[in-house]
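To keep things clear, I will list the structure first and then write my remarks on it.
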Amino acid sequence: MPTKTVKGGKATAEFETRTITLRGITYTMRELDVDEYEECLKSAEDERGFAEFGRLLKMMTIRAVSPSPAARERPLPYPIYRTLEQVVNVMHFSDLNEDAPEASDDEDATEPETVPNDSGSPA
């Protein structure tokens with residue numbers, strides 16, 4: 001499994017999860033791994049091998065959301081599904097920002113040291 005961050009000497013391979021409660025039901029969305037994404041892409045392909053984005057996002061939403069919208073006895077109301085789909089979309093298709101470096105014990109170590117030139121000679 002890919003490593004996402006390294007902090008304090010420990011590697012964390014935890015996938016991001018988000019929880020949302022809509023109309024009294026709590027849904028948890030999780031990041032898909034590369035293999036799961038590829039499976040969703042393959043299942044979204046038509047007979048020409050083209051995967052329409054809307055179909056891909058539907059496959060990803062079914063896979064990433066728990067309880068799965070596909071496992072319901074009754075159809076999921078569209079406003080709820082669309083909200084879940086938006087969260088899945090942002091989780092998977094937004095670029096991640098680089099993690100900020102952690103502050104060291106020596107606060108001055110992050111700032112370049114400036115030493116005045118009192119020697120009278122040109123620098």
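Ordering of the structure tokens sets the chain letters (A, B, ...); residue numbers start at 1 within each chain; ligands are numbered from 1 in the order shown.
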> Just asking: which residues within stretch 13-85 of chain A are strand (DSSP E or B) according to DSSP, as a VMD selection string?
Replying inline: chain A and resid 17 to 22 25 to 30 45 51 65 to 66
For the residues in the current selection, export N, CA and C atoms as a JSON list (two decimals), in the first residue's frame.
```
[["chain", "number", "residue", "atom", "x", "y", "z"],
["A", 17, "THR", "N", -10.65, 9.77, 5.32],
["A", 17, "THR", "CA", -12.07, 9.48, 5.39],
["A", 17, "THR", "C", -12.80, 10.75, 5.79],
["A", 18, "ARG", "N", -14.03, 10.86, 5.36],
["A", 18, "ARG", "CA", -14.89, 11.98, 5.75],
["A", 18, "ARG", "C", -16.24, 11.41, 6.12],
["A", 19, "THR", "N", -16.85, 12.00, 7.11],
["A", 19, "THR", "CA", -18.16, 11.55, 7.58],
["A", 19, "THR", "C", -19.14, 12.71, 7.47],
["A", 20, "ILE", "N", -20.33, 12.38, 7.00],
["A", 20, "ILE", "CA", -21.38, 13.39, 6.85],
["A", 20, "ILE", "C", -22.71, 12.75, 7.24],
["A", 21, "THR", "N", -23.55, 13.50, 7.92],
["A", 21, "THR", "CA", -24.88, 13.01, 8.29],
["A", 21, "THR", "C", -25.90, 13.79, 7.49],
["A", 22, "LEU", "N", -26.70, 13.06, 6.73],
["A", 22, "LEU", "CA", -27.74, 13.67, 5.90],
["A", 22, "LEU", "C", -29.07, 12.99, 6.19],
["A", 25, "ILE", "N", -28.96, 9.92, 8.50],
["A", 25, "ILE", "CA", -28.11, 8.77, 8.19],
["A", 25, "ILE", "C", -26.67, 9.26, 8.07],
["A", 26, "THR", "N", -25.77, 8.59, 8.76],
["A", 26, "THR", "CA", -24.36, 8.95, 8.71],
["A", 26, "THR", "C", -23.67, 8.14, 7.62],
["A", 27, "TYR", "N", -23.01, 8.86, 6.72],
["A", 27, "TYR", "CA", -22.27, 8.25, 5.62],
["A", 27, "TYR", "C", -20.78, 8.51, 5.83],
["A", 28, "THR", "N", -19.97, 7.53, 5.50],
["A", 28, "THR", "CA", -18.53, 7.68, 5.56],
["A", 28, "THR", "C", -17.98, 7.48, 4.16],
["A", 29, "MET", "N", -17.19, 8.44, 3.71],
["A", 29, "MET", "CA", -16.52, 8.34, 2.42],
["A", 29, "MET", "C", -15.04, 8.11, 2.67],
["A", 30, "ARG", "N", -14.43, 7.25, 1.87],
["A", 30, "ARG", "CA", -13.00, 6.99, 2.02],
["A", 30, "ARG", "C", -12.31, 7.13, 0.68],
["A", 45, "GLU", "N", -16.46, 1.91, -18.38],
["A", 45, "GLU", "CA", -16.21, 1.97, -19.82],
["A", 45, "GLU", "C", -17.40, 1.45, -20.62],
["A", 51, "ALA", "N", -14.78, 5.87, -20.96],
["A", 51, "ALA", "CA", -15.46, 6.01, -19.66],
["A", 51, "ALA", "C", -15.92, 7.45, -19.50],
["A", 65, "VAL", "N", -18.44, 5.10, -0.64],
["A", 65, "VAL", "CA", -19.40, 5.51, 0.39],
["A", 65, "VAL", "C", -19.92, 4.31, 1.15],
["A", 66, "SER", "N", -19.99, 4.46, 2.46],
["A", 66, "SER", "CA", -20.55, 3.44, 3.33],
["A", 66, "SER", "C", -21.59, 4.10, 4.24]]
```
>> I'd like the neighbourhood of A:Arg23 as a list in words, where a residue qualifies if any of its atoms comes within 12 Å (using only C-alpha atoms), though same-chain residues fewer than 4 positions away should be ignored.
In response: Tyr27, Leu76, Pro77, Pro79, Ile80, Tyr81 and Thr83 of chain A
Take the residues just selected and output them with C-alpha atoms as a PDB file, in the first residue's frame.
```
ATOM      1  CA  TYR A  27     -22.274   8.251   5.618  1.00  0.00           C
ATOM      2  CA  LEU A  76     -31.480   7.097  -2.549  1.00  0.00           C
ATOM      3  CA  PRO A  77     -33.000  10.602  -2.861  1.00  0.00           C
ATOM      4  CA  PRO A  79     -30.055  15.476  -3.289  1.00  0.00           C
ATOM      5  CA  ILE A  80     -28.404  13.051  -0.847  1.00  0.00           C
ATOM      6  CA  TYR A  81     -26.677  11.117  -3.615  1.00  0.00           C
ATOM      7  CA  THR A  83     -23.998  15.577  -1.992  1.00  0.00           C
TER       8      THR A  83
END
```
> Could you pull out the alpha helix (DSSP H) residues of stretch 3-84 of chain A from DSSP and send them as a PyMOL selection string?
Replying inline: chain A and resi 34-44+53-64+78-84
With C-alpha atoms retained, could you export that selection as an mmCIF file, in the first residue's frame?
```
data_model
loop_
_atom_site.group_PDB
_atom_site.id
_atom_site.type_symbol
_atom_site.label_atom_id
_atom_site.label_comp_id
_atom_site.auth_asym_id
_atom_site.auth_seq_id
_atom_site.Cartn_x
_atom_site.Cartn_y
_atom_site.Cartn_z
ATOM 1 C CA VAL A 34 -5.179 3.034 -7.303
ATOM 2 C CA ASP A 35 -6.411 -0.511 -7.957
ATOM 3 C CA GLU A 36 -9.942 0.347 -6.824
ATOM 4 C CA TYR A 37 -9.916 3.446 -9.040
ATOM 5 C CA GLU A 38 -8.797 1.345 -12.016
ATOM 6 C CA GLU A 39 -11.608 -1.153 -11.346
ATOM 7 C CA CYS A 40 -14.140 1.701 -11.250
ATOM 8 C CA LEU A 41 -12.703 3.094 -14.475
ATOM 9 C CA LYS A 42 -12.945 -0.305 -16.171
ATOM 10 C CA SER A 43 -16.544 -0.829 -15.032
ATOM 11 C CA ALA A 44 -17.480 2.658 -16.287
ATOM 12 C CA PHE A 53 -16.829 10.984 -16.220
ATOM 13 C CA GLY A 54 -20.345 10.899 -14.735
ATOM 14 C CA ARG A 55 -20.411 7.104 -14.912
ATOM 15 C CA LEU A 56 -16.898 6.879 -13.424
ATOM 16 C CA LEU A 57 -17.919 9.144 -10.536
ATOM 17 C CA LYS A 58 -21.008 6.990 -9.937
ATOM 18 C CA MET A 59 -18.866 3.824 -9.747
ATOM 19 C CA MET A 60 -16.443 5.579 -7.383
ATOM 20 C CA THR A 61 -19.276 6.872 -5.178
ATOM 21 C CA ILE A 62 -20.804 3.405 -4.877
ATOM 22 C CA ARG A 63 -17.365 2.037 -3.917
ATOM 23 C CA ALA A 64 -16.209 4.844 -1.591
ATOM 24 C CA TYR A 78 -31.043 12.489 -5.509
ATOM 25 C CA PRO A 79 -30.055 15.476 -3.289
ATOM 26 C CA ILE A 80 -28.404 13.051 -0.847
ATOM 27 C CA TYR A 81 -26.677 11.117 -3.615
ATOM 28 C CA ARG A 82 -25.451 14.319 -5.283
ATOM 29 C CA THR A 83 -23.998 15.577 -1.992
ATOM 30 C CA LEU A 84 -22.174 12.283 -1.455
#
```
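One distance worth recording is that between atom CA of A:Asp33 and atom CA of A:Leu96, which is 14.9 Å.
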>> Using Å and a single decimal, report how far atom CA of A:Phe93 sits from atom CA of A:Glu47.
In response: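 These two atoms are separated by 24.9 Å.
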